[in-house]
Amino acid sequence: MNTSITYEFPLNERIRVFIRLEQLFNQFNHFSQGTTVADKRAAIASLLDVMSIIRRNDLKSEILKELDRNAKALNKIADNEGVDADKLEAILEELSQISQKLYAINGKIGLHVMESDLFQSIVQRSSIPGGTCSFDLPEYHYWLEKDEASRQEDLANWISPFNEIQLAIDLILNFIRNSNAPTKEIACAGFFQFSLDRNQAYQLLKVDIDRSLACFAEISGGKHRCSIRFMTPSEEDKRPTQSPDDIPFALTCCVF
């Protein structure tokens, strides 16, 4: 069992969008495997959120830029002592294949899924609390009551245009999260403030605290200066308060 809880704080909009999509893809993958109507509704809700983010962002371009930057960074360390050449070559090949597939996509990713009548109807009715009941959307109700094999096939087809996006984001975030070693820190009276090296374009902060500590990390700041407050949840529905204790934690400033 993992004995710590990790809190992440993205330091630019690109990584913020990537992490949101990662969460939505994970939710979709989890709920799509469930067999109940509630599971399928949750899977569709996650897919609609994915579509909404992709519709609002030039995601293909952002991911291609990041993949290209990562490939250049990996090529620079190819001749370093101790580098596993075979593993590095395999990673570079994976990056190249994902990039080629994304370049081959014309127009908006998953456009035909986003513009289907069924999804447009669900989107419109979802703005109303409880607005996707069977009497509101009988077509959706019909789909939810189909046999499991048919629903699984449909879900696989609907998510397929976004598969390369998911693979790319998983790869990029994995590089970033494992780019640096953590340092052990102490937040005096629940507060810790620090400056980031202005010569490094840090992308993500990770804060790990022991599960036994009854507090959570509230991170704020920007590219050059950040602060962490360890907050104690209230047991009486009041606002959380900053912990008066000195809190040990691990801090990772990630850049790849």
# chains A, B, ... in the order shown; residues from 1 in each chain; ligands from 1
$ residues_around --residues "Ala156 of chain A" --least-positions-apart "5" --cutoff "12 Å" --atoms "only C-alpha atoms" --output "list in words"
Phe28, Asn29, Ser32, Gln33, Ala43, Ile44, Leu47, Val113, Ala149, Ser150, Arg151, Pro161, Phe162 and Asn163 of chain A
$ residues_around --residues "segment 62-72 of chain A" --least-positions-apart "5" --cutoff "8 Å" --atoms "only C-alpha atoms" --output "number ranges by chain"
A: 14, 92, 95, 99, 102, 165, 168-169, 172, 256
$ write_last_selection --atoms "C-alpha atoms" --output "compact mmCIF listing (two decimals), in the first residue's frame"
# COMPACT_ATOMS: atom_id res chain seq x y z
CA ARG A 14 -0.29 23.06 -21.26
CA LEU A 92 12.32 7.53 -29.27
CA LEU A 95 7.55 9.09 -29.67
CA SER A 99 3.83 11.98 -33.67
CA LEU A 102 -1.10 12.72 -34.92
CA ILE A 165 -3.86 11.69 -27.45
CA ALA A 168 1.02 10.87 -25.82
CA ILE A 169 -0.19 12.52 -22.61
CA ILE A 172 4.77 13.16 -21.58
CA PHE A 256 11.97 17.64 -18.64
$ closest_atom_pairs --of "segment 4-87 of chain A" --to "segment 197-212 of chain A" --cutoff "7 Å" --atoms "only C-alpha atoms" --output "Markdown table"
| residue | atom | partner | partner_atom | distance |
| --- | --- | --- | --- | --- |
| A:Ser4 | CA | A:Asp210 | CA | 4.3 |
| A:Ile5 | CA | A:Ile209 | CA | 5.5 |
| A:Thr6 | CA | A:Asp208 | CA | 4.5 |
| A:Tyr7 | CA | A:Val207 | CA | 5.1 |
| A:Glu8 | CA | A:Lys206 | CA | 4.6 |
| A:Phe9 | CA | A:Leu205 | CA | 5.1 |
| A:Pro10 | CA | A:Leu204 | CA | 4.5 |
| A:Leu11 | CA | A:Gln203 | CA | 5.0 |
| A:Asn12 | CA | A:Gln203 | CA | 6.3 |
| A:Ile15 | CA | A:Gln203 | CA | 6.9 |
$ select_by_dssp --residues "segment 54-223 of chain A" --states "helix (DSSP H, G or I)" --output "ChimeraX atom specification"
/A:54-56,59-76,85-103,111-114,117-126,138-144,148-177
$ closest_residue --among "A:Leu167, A:Ala73, A:Leu173, A:Ile186" --to "Phe25 of chain A" --atoms "only C-alpha atoms"
A:Leu167
$ residues_around --residues "Phe216 of chain A" --least-positions-apart "3" --cutoff "8 Å" --atoms "only C-alpha atoms" --output "PyMOL selection string"
chain A and resi 230-233
$ write_last_selection --atoms "N, CA and C atoms" --output "JSON list (two decimals), in the first residue's frame"
[["chain", "number", "residue", "atom", "x", "y", "z"],
["A", 230, "PHE", "N", -0.20, 23.62, 4.52],
["A", 230, "PHE", "CA", -0.78, 22.34, 4.92],
["A", 230, "PHE", "C", -1.99, 22.65, 5.80],
["A", 231, "MET", "N", -3.14, 22.27, 5.27],
["A", 231, "MET", "CA", -4.42, 22.65, 5.88],
["A", 231, "MET", "C", -5.06, 21.45, 6.60],
["A", 232, "THR", "N", -5.66, 21.75, 7.75],
["A", 232, "THR", "CA", -6.35, 20.72, 8.52],
["A", 232, "THR", "C", -7.85, 20.83, 8.25],
["A", 233, "PRO", "N", -8.48, 19.76, 7.75],
["A", 233, "PRO", "CA", -9.93, 19.82, 7.49],
["A", 233, "PRO", "C", -10.71, 20.03, 8.79]]
$ closest_residue --among "A:Gly190, A:Pro129, A:Gly110, A:Gly82" --to "Ser243 of chain A" --atoms "only C-alpha atoms"
A:Gly190
$ select_by_dssp --residues "segment 64-237 of chain A" --states "strand (DSSP E or B)" --output "MDAnalysis selection string"
chainID A and resid 183:188 191:195 204:210 216:221 225:232
$ residues_around --residues "His112 of chain A" --least-positions-apart "5" --cutoff "12 Å" --atoms "only C-alpha atoms" --output "list in words"
Met51, Asn106, Gly107, Asp117, Leu118, Phe119, Gln120, Asn157, Trp158, Ile159, Ser160, Pro161 and Phe162 of chain A
$ atom_distance --atom1 "atom CA of Asp154 of chain A" --atom2 "atom CA of Met114 of chain A"
14.0 Å
